[in-house]
Structures are given as C-alpha cells and as structure tokens.
Amino acid sequence: ESPKTPNVGLRWKEPNDKLHGSLDDFWSTVNEKNLLVMEYVALGDIAENEELLLDYGSEWEQAYQSHLNSNDSKSMLSTHNQWIQTKDPSVLISSPNLPVHLATECLVYPQLKADAQLDDWQDFFDSSNQMIHRETWPLELQKLYPKDDQFATWYPCRVTTVVEHLSSGAKNDGSQEDFYSVLIFSQHLHDDTVVRRFRGFPQDRLRLVPAPYHSDQHLPWAFRQFISIPDEIFPLRWRNDYKPSSSWKLGVVDDNYLTDRSKLEEQQQAYEKALRQVDCGLYMGVSNIPNSGYGMYAGTDIPFSQLVVGSTIPEVPVDNYKESTHWPGTEYVWNSFGLAENPESPSVLRGLFGSIANSHNGVINMVSPKLLNSPYDPMVDRRKDPGAGAFSPYIQNTFLSGYPVNAGEELFVTYGEHWFRNRKEYKTVPLLEHFRRADNILASLLSMMTLEGASLFVGDVAFRTNQDKFNSSYHGQLQHVIAWCRVDSIEGQLDRTGASSVIHLSRKNDRINRMPSSIIARMDPSEIPHESYEGITHDADEFQSATLGGGEETGAELPCRIIASDSSTGLLDVLVFFADNENDKRQLLRYESFDATRLDFRIAPNKDGLSSLLSLLRNHFLKELDDDGVTTESFLRFKTALSNIDSVGDITTVLHRNGTAMATTKRRSKEWLEENGICLDHIYVNRSTIAGAGNGAFARRRLKKNEVIIGSPMLATSRDHKLLLTTTNASRRNKSLIYNYHFGHKDSSVLFFPISHAIAINHKNSPAANARVQFSTKDKKSRYLVHRPLEDILEREKYSSLVMEVVANRDIAPDEEIFLDYGKEWEAAWKEHVKAWKDPCQNDNKNAELPCYKSSMSIWKMNHDKFNREYHAWSEDHLTYCTVPKDEQKDKRERNEEVILHRGDSYLGVPWDHNGFQIPWYLDNSGDRVLPCLIIAPDKGNSNLEVVLFDNNDDDSTNDDDTEDSRFVLNHWKYFSSARVSFRPRPFKGDSMNPLAFRHEIGIPDEAFPEHWKELLLEEV
C-alpha cells in the first residue's frame, strides 16, 4: 500500500473487435495470437527512477484493508516458520512429530532415476557414487552442467536413521555434522517410487520445505484479490451482471402459449364454460389508440391461443363498392379473398372483430383462422327454400386468440401494414419493425442501467412502492422516489380544511427560535414555527416542488411522506409539503386519514440514472436526424414509437408492459369496463331454430328483462347508396344481399348496418319476439346524435358513431334464441315473397329471369365427394379452385411440371382457350394463392388429386388473344392434397346473386326512431 497518487493508468490497444463481442465470442478465440494488448499509460510526467503506481481499484483496496485487520491463523504462521528454521535432527526423522505441512528434500544427482539393480542400501561417499564424482557422469550431462555447483537437484526424501559419527567409507574431512540414512523419491508430484537408498547422507544436503500445497502462497489466509480493470474500459458485454438487450425480451411473447392441437376442443369448451360464469367476457369501450373510437376488451382471461373469442359471425359481401363515394363503411371493408359469388366486387363487411376492434401493428393478439376450404355454407337449397340467397353463406367469419390475453387488455387485429402505408394520414404510425427497433434501444439502456454499481433503476422502485403502499419500509423519506398526494384546492388556493394540523417550519437560527418562552406561550400554537418536525426541516428537498401551479381549480398534487398506514382501512397518515415562496414560508399539512388511492410514488428529481441517456436519445440522436432533414416515413414512424419515452417511469412502463407497443395501451379494470363498456358477448351465433332461416343468435348467459343484450355501432347510409346488384339481371331487383342486414324506418331514407353479431338475430312477430331495439342511452355520442339533423348522420359522420342496443323484453334463459320483431312491413314483404316463390327448375316455371342453375347447396355438397369423377369437369354452374400454400409456391417449378400453351395447343385435354385462363386467382387471408384448376384424375387411396392449375397471372406470361406469341400457363401437380381443392358456384350464379331473392330492411319501431329523421313522411305532407 502506498500513500502516493497513482501515476499510471490502463487502456486497451485499439482497434480490437474482440472488445465489442460477447464473452462467449472472446473465449472461442482465446487461443489466438495477439488476442488483446493492455497498455500502461502515464497519467502525468514521471521522473527518472520514480516508482510506477497503479490504482488497483476500490474492491482491491477494501479487500486488503480487511485482510490486514484479520487475526486468523497468525499463530499458525509463526509455528510454521519455526519448523522451517529448526536444526534439531530429531525433527527430521520421519515420525508423527513432523507436521503434515512440512517435508524433507535431499540434494542429489540431477537425472536420478529408479534402477531395479540399486534396491540395496549404498554408502553416499562410496567412490562409485555418481552423486559426488562428476567425472563419472555421461559426457552429455557434463556438457549440460559444466560447473560443479550447477549439478545439484533437490529430490523429495525421508530420513529413516540418524548417525552421529562417521561410518566406514564416509567423508573424513574433520567435520562434525551428522549423517543420515535416507530414502530418495521420484521428483514427480504424488509419485512415491523410491529411486535410491543412501547411508551416510550429509546434513548439509538435507532441508525442510513446505509440503506440497503448504507453502505461503497456498496458505488459506493469504491475501487474494484480482486487480480491477476500470469500469470505463472494461467491455460491457463481459460483465457477469450484464443482461444482453435480447434477454429483456421486450415485445416478445413467450412461445410457451402454443396450443396442443389435440387439446384445442377441450380448451375451447373450458373457455366457453368460464364465459358463462362471468358477467361479460367481451366489452366494447373507448380504445387506447387516440381518436380511434371504440375498441374491444377482454372481460375475462383468454387462457390459450387459437380460441374462438366472441362468436362466429357471417361475412356480408359489399357489391358495387367504390371508395370515392362517401360512405362510413369505407374504413370497415375487407378484401374478400375471392368470393365466388361476385368476384368483380371483392369486398366484405366482417362484423365484431372485423369492424369494432382496432389494428395495432405492435400488438396483434387476435388473428384470422387459416381455412383449408372455403367458409362457404349456403345452409338452404334454392330449389326447396324461398329464403335461399336472403342471408350470407359465408358463415365462418371469426377471430382466434393469437396468444393468452389477460382480462382488461384491449384486443387488436391486423389490417395489414399496407393499410397504413397506403394512407398518408397514417404515415407516422409505427409498424412492427419500428416498435422492435425502439424496444432494442430501450433494452440496451436497461442493460446498462441495471449493472451493479450503476445508478439504481429507480423506475422499478417506483413501480414496486406503488404496489405496496402499506409496507412500512416505504414510509418516511426514500432515497430515489417521492410520494405525491392529491389534495383539495379552491380556485388555485390550497384548501387546508381537511388537514388535522398545520405545522410551520422556520429556518435554523431564525428570530422566532430566539424568542423568550413567555412570548411564545402567548402565541396561537398553530402559528408557532418548528425548526424541525418528524425530522423534516425548512430546507427539505420536497419543498423544491411543493408549490401550486396556479392552474388547479379542484385539486393539486404536492410532495408528501407517509408516517403510518393501516391496510385494513386503506388509509394513511401523511405529511404534505407546501411552500409559499413569495413569503418564504414552509408548511407541513398532516392528514391522519388519507385515502391511499390519492397517493402515488414517482421518481425523485435528478435521481433517475437514465435521464442523461434519455436526454441523449431525444436531444441528440433523434434531433440530429431531424436537423439532417431525415423525413422518411420509416424515421417518422420510428420516432413516434419512442415519442412517449420521457422518463425512467416511462421505461418502467415499457418493461412491465413488455415493450413499447404494449406500453401504448392500458389494461382496464373490471370497474372501468363495467362503467364505460358495452357487453358484446351475451349472445353467440348458431344454427337457428327456425327452419330455412340460416343462423341465429342465442343467449350465452341468463338475461333479465330490460337488460341490454348487445350494443352495436351502426354504419349509416341512404337507401339508394352502395346497394346496386352488379348483374345483367339487375333491372328487376336492384338490392344486394347487404340490404337485408340494414335497419331502417319506412318514413326515412337512412339505413343502419350493425357491425356486430346483432346481424344474426332473426325475426318473430310480437309478442313472440323476446327483444327490441333502441338507440343507446349509455353512449354519450349516440345521445347527442339522435337530436341532430339527418344530414349530420349521412354526410358528416365518417365512422360508425351511433350505437343501437338490443334490449330484452322479458327474462331470457341461457341458450334461448333471441328474436326481434322486424316490423309489419318486413312481415308483409316476406309473406308476399313466399307466396310468389317457385322452384326455378319446375317445368311450369317459365320465368326467364331465374334460370335453373345448380343450387349453391348442391355445389356445397359436392365438396363432400371430391373423388366423384362426375364433378371434375366444370359445368355452366360450378368450377374448381385449388389453394397453393406459400411454402410450396417457392419450389413449385422444381416439383411440378409447368406447361406453356400457345394458340392451338392443348395439354391433358385442356385447350389453350379454356375459360379457366380468364378466371382470376387471388390471395387468401394466409397469403396462399387460390387458383382455378381442373381435376385430371383422383388418387383416393392417398387423399390426393392430379390437377392442372390455370396460372396465367405470372409476371412473365400473357394471355392477349390478339398476339401470335400469346402464352397460357398451366401448372401440372400429380399429387395435390384434396383438402386444398373446393367446388364453388361460377361467378354471379350463387344463390345470393339471384335477382329474385328476398330483399327487405329490418324495421325500427316508431317509438325508437327520432321523429325529425322521418323526412319521407314530412315530404309527403
């Protein structure tokens, strides 16, 4: 130890990439030459002969001081030294008196080896002993040891006998030293082979030494401490307490959630059972995404992935859809992925999750299922049922949980990132890649700040203290956080009436402290200043931020400390700090029964170790990009992903919410959902109890009279808007299928489309109807809109702003079907339709507008008999589609034959001018290609079909019939899974495209419809 100042420092010789890799990378290259070079650098001028001193670090210094203060084994050390220095011959004899930590060594011939012929005892000074006669050594050994004093080598040995006088043949030079009989052992450690036995061995060739592993350097109490490399140059990734940024797993969902497919049905049943035991399992409420209207929330835990949440719900095709025309449904339509009914209008409305749930690029916890076959199910036969074509045959519209979701979390779907890329108004909305970049940056900050010795990650402390306010360890003054109390104020002035006492604090040596006690005794006790109270003085840190901002009208937040707490009552005893800087007054307000929910712990000013790093991130990194004019959409999206990170508390939120994406959302409490939400899962969709009616809605749990069964946002449109049927037979009837799902009034031009599974509720006349509709009295905007002119609804509302409620007319039992009275106009229209309906294929039906097509039901049934050769050729009414998975598209040309047809060519009986080349292919919701195809031959034993796919939409092909070099592409697959083949109606020939199918809106009762919206009646008047 030296009192002098260190004059030498350390640094790495740069450059060296190994310093920037992980410790595992370093160990993998540790045997390379010139691995690392450490340089000792003069910290200042150093004089000649001046000792060089290096700071070994605080850990070394502390360890050495602790070693000096220790008295362990000092007596043992003294005894050890005495044994080494003794010359008492009795000690040298191998006996129990020789301590185990000592050994004897003998000085002998340098290359002594065991020799079987020398097992007998030898006299050491015998003339034939090479130990003392160097001239008898081999010549090679004499050259190796040219001098007499270089040949000696110490061997382990043991003394067996002490001889106190010269024996025959021994050394005779007048010396009086003792001689010994000794055993010489091999030099190899732990090898007890005897290599020589000598008598008359001189004492000057014997010595005592520490036994192996018993020297000073092996003493258990010897000082041991490594020399510390300074933190500032030690590679961060080499530290044991360093957590790589990837280990934080921000934004990563643990894959332990993956569902065992064999248990999926069992898990779905268990989830359904849990839903029936709660008040509501799915809510609609204001979304976490600003200006996004309503969103959807889990009302109970969704424990597994791949669970159907809510219910299945029909997809409703939207015909003649044009984005340029004002219609609030513009932002709600989805690509239909090739609905065969009307391929010219590939758009559908997907209710519930497809319309109410918002899209969050960083949080996608609800996903569309991957369907092997078309979700097409007409449910009724056009040749038997007058209701054919009156409801959507696309019944499998549903969303599944992408992973387990906690109750209170908002549920998000994905619109696809292209949806955000193609809209200028969303150019700053982060995509998944931008959230991931932001997570990586914040994870790196967390890795640096959670190192031992780094500034405490106090954001986590603030989080933990808020979770356990009644913990006595969080009472009083805390090092890194400050408690804030919300107290009452009136017109910007602090209201002290709720405080049990007010304590005034004076500065030290203030005049009041020198007043005579007689004067102080006459003062109002509440006005007597204290130099300190509960250890708090006039200059306490909390007073620096203990002022009112001036803008508070009904409340203020001031620093405070907890004195005591009572968890049974939820009350705290607190001292609130208040500073009147104008009058230089400091006060403490004591609230002995303070509501714990009005207190929050936050990071103390200048205590958050990440502040400088966050400042660097905001004020340098992002600002430099701004100053450099970087305005690309990618940068703007990335900047938005980091825009809410202003403090350590924000990083705490990111950590506990698992990433920057989840940190943009809040988990809602049950109380919040009940107060602000509307339940969406009191009903589920199943096959109706009414024959020929398709699906219906059923009660999931018991419902009481006048209870809201479901609330649904409504898309408003006019009767003549977006509803034309795009077929050649549109002259007779011009209303498309979507018209049947609208609610309206006969005296108004406005129609409303519910974007929930309320569209599945069927009709029964009163009093058999057990439910009715009304505009919401709970939703604030709905209460406002029903009083606005109809023009506001039709022309100014861009989204589904009006909410309609379905209300129980009486108590409804679980699993009972829900019915509405559609109104007498609907009932009359339906009866007229049934009366006029005839089987289009009967001989006496000469209606040219309704040709005798194969019904959608008959084509649907064909999909259950795919190996029937009668169905393989296309007819005028049906065709075949084949789905090619994404992973098979890449190598399709290697595994299957691609055929190019020119004019006049054919392949396997397929001519170059086959109609299949004119039918477009499309991408389904999984990104798989769905192409028109022909079945060539079945392979029923292996569940495969030999098919050819009409693949004439590749970039390198053309089907221009007017050119000589026109090419028509076929892909021949010999083994195509029958599960990926489906029969479908030809375009415009499905039941829902029938121009004579039933069409009528659902009536809203007079008493529920605003009078000032009945403009058609007013026009007649």
# chains A, B, ... in the order shown; residues from 1 in each chain; ligands from 1
call {"tool": "select_by_dssp", "arguments": {"residues": "stretch 225-298 of chain A", "states": "strand (DSSP E or B)", "output": "ChimeraX atom specification"}}
result
/A:282-286,294-298
call {"tool": "residues_around", "arguments": {"residues": "A:His530", "least_positions_apart": "2", "cutoff": "7 Å", "atoms": "only C-alpha atoms", "output": "list in words"}}
result
His504, Leu505, Ser506, Ile528, Ser532 and Tyr533 of chain A
call {"tool": "residues_around", "arguments": {"residues": "A:Phe819", "least_positions_apart": "2", "cutoff": "8 Å", "atoms": "only C-alpha atoms", "output": "list in words"}}
result
Ala697, Ile761, Asn762, His763, Lys764, Ala768, Ala769, Asn770, Ala771, Glu817 and Asp821 of chain A
call {"tool": "write_last_selection", "arguments": {"atoms": "all heavy atoms", "output": "tab-separated table (two decimals), in the first residue's frame"}}
result
chain	number	residue	atom	x	y	z
A	697	ALA	N	-79.08	-15.99	-33.32
A	697	ALA	CA	-78.33	-15.56	-32.13
A	697	ALA	C	-78.96	-16.16	-30.88
A	697	ALA	O	-80.20	-16.17	-30.75
A	697	ALA	CB	-78.31	-14.05	-32.04
A	761	ILE	N	-79.50	-11.89	-35.43
A	761	ILE	CA	-80.77	-12.06	-34.71
A	761	ILE	C	-81.91	-12.16	-35.71
A	761	ILE	O	-82.09	-11.30	-36.58
A	761	ILE	CB	-81.00	-10.88	-33.75
A	761	ILE	CG1	-79.85	-10.80	-32.73
A	761	ILE	CG2	-82.34	-11.01	-33.03
A	761	ILE	CD1	-79.95	-9.62	-31.78
A	762	ASN	N	-82.70	-13.22	-35.59
A	762	ASN	CA	-83.80	-13.48	-36.52
A	762	ASN	C	-85.12	-12.84	-36.06
A	762	ASN	O	-85.21	-12.26	-34.97
A	762	ASN	CB	-83.98	-14.99	-36.69
A	762	ASN	CG	-82.97	-15.56	-37.67
A	762	ASN	OD1	-82.70	-14.97	-38.71
A	762	ASN	ND2	-82.40	-16.72	-37.33
A	763	HIS	N	-86.13	-13.00	-36.95
A	763	HIS	CA	-87.43	-12.34	-36.76
A	763	HIS	C	-88.50	-13.28	-36.19
A	763	HIS	O	-88.58	-14.45	-36.57
A	763	HIS	CB	-87.92	-11.81	-38.12
A	763	HIS	CG	-89.38	-11.51	-38.16
A	763	HIS	ND1	-89.93	-10.39	-37.59
A	763	HIS	CD2	-90.43	-12.20	-38.71
A	763	HIS	CE1	-91.24	-10.39	-37.78
A	763	HIS	NE2	-91.58	-11.49	-38.46
A	764	LYS	N	-89.29	-12.72	-35.28
A	764	LYS	CA	-90.56	-13.30	-34.87
A	764	LYS	C	-91.52	-12.15	-34.56
A	764	LYS	O	-91.10	-11.11	-34.03
A	764	LYS	CB	-90.41	-14.19	-33.64
A	764	LYS	CG	-90.09	-15.64	-33.95
A	764	LYS	CD	-90.24	-16.52	-32.72
A	764	LYS	CE	-89.98	-17.98	-33.07
A	764	LYS	NZ	-90.16	-18.88	-31.89
A	768	ALA	N	-94.13	-12.82	-29.67
A	768	ALA	CA	-93.15	-13.90	-29.59
A	768	ALA	C	-91.72	-13.36	-29.55
A	768	ALA	O	-90.82	-14.03	-29.04
A	768	ALA	CB	-93.33	-14.85	-30.79
A	769	ALA	N	-91.50	-12.16	-30.09
A	769	ALA	CA	-90.16	-11.57	-30.05
A	769	ALA	C	-89.78	-11.28	-28.60
A	769	ALA	O	-90.56	-10.68	-27.85
A	769	ALA	CB	-90.13	-10.30	-30.87
A	770	ASN	N	-88.62	-11.72	-28.18
A	770	ASN	CA	-88.18	-11.51	-26.80
A	770	ASN	C	-87.21	-10.35	-26.66
A	770	ASN	O	-86.61	-10.16	-25.60
A	770	ASN	CB	-87.58	-12.79	-26.22
A	770	ASN	CG	-86.47	-13.33	-27.11
A	770	ASN	OD1	-85.99	-12.64	-28.00
A	770	ASN	ND2	-86.07	-14.58	-26.86
A	771	ALA	N	-87.03	-9.56	-27.73
A	771	ALA	CA	-86.09	-8.44	-27.68
A	771	ALA	C	-86.59	-7.31	-28.57
A	771	ALA	O	-87.44	-7.51	-29.45
A	771	ALA	CB	-84.69	-8.89	-28.11
A	817	GLU	N	-82.90	-18.77	-28.07
A	817	GLU	CA	-82.65	-17.93	-29.24
A	817	GLU	C	-83.29	-16.56	-29.05
A	817	GLU	O	-84.38	-16.42	-28.48
A	817	GLU	CB	-83.19	-18.58	-30.52
A	817	GLU	CG	-82.81	-17.80	-31.77
A	817	GLU	CD	-83.08	-18.53	-33.07
A	817	GLU	OE1	-83.61	-19.67	-33.03
A	817	GLU	OE2	-82.74	-17.97	-34.14
A	821	ASP	N	-88.75	-8.32	-33.54
A	821	ASP	CA	-89.87	-8.11	-34.47
A	821	ASP	C	-89.37	-7.15	-35.54
A	821	ASP	O	-89.12	-5.98	-35.28
A	821	ASP	CB	-91.06	-7.51	-33.72
A	821	ASP	CG	-92.29	-7.39	-34.61
A	821	ASP	OD1	-92.15	-7.51	-35.85
A	821	ASP	OD2	-93.39	-7.18	-34.07
call {"tool": "select_by_dssp", "arguments": {"residues": "stretch 393-431 of chain A", "states": "alpha helix (DSSP H)", "output": "PyMOL selection string"}}
result
chain A and resi 417-421
call {"tool": "write_last_selection", "arguments": {"atoms": "C-alpha atoms", "output": "PDB file, in the first residue's frame"}}
result
ATOM      1  CA  GLU A 417     -49.247  -2.971 -42.771  1.00  0.00           C
ATOM      2  CA  HIS A 418     -50.126  -1.969 -46.329  1.00  0.00           C
ATOM      3  CA  TRP A 419     -53.293  -0.401 -44.872  1.00  0.00           C
ATOM      4  CA  PHE A 420     -51.118   2.113 -43.018  1.00  0.00           C
ATOM      5  CA  ARG A 421     -48.559   2.513 -45.775  1.00  0.00           C
TER       6      ARG A 421
END
call {"tool": "closest_residue", "arguments": {"among": "A:Ile229, A:Val481, A:Leu442, A:Ala699", "to": "A:Asp646", "atoms": "only C-alpha atoms"}}
result
A:Leu442
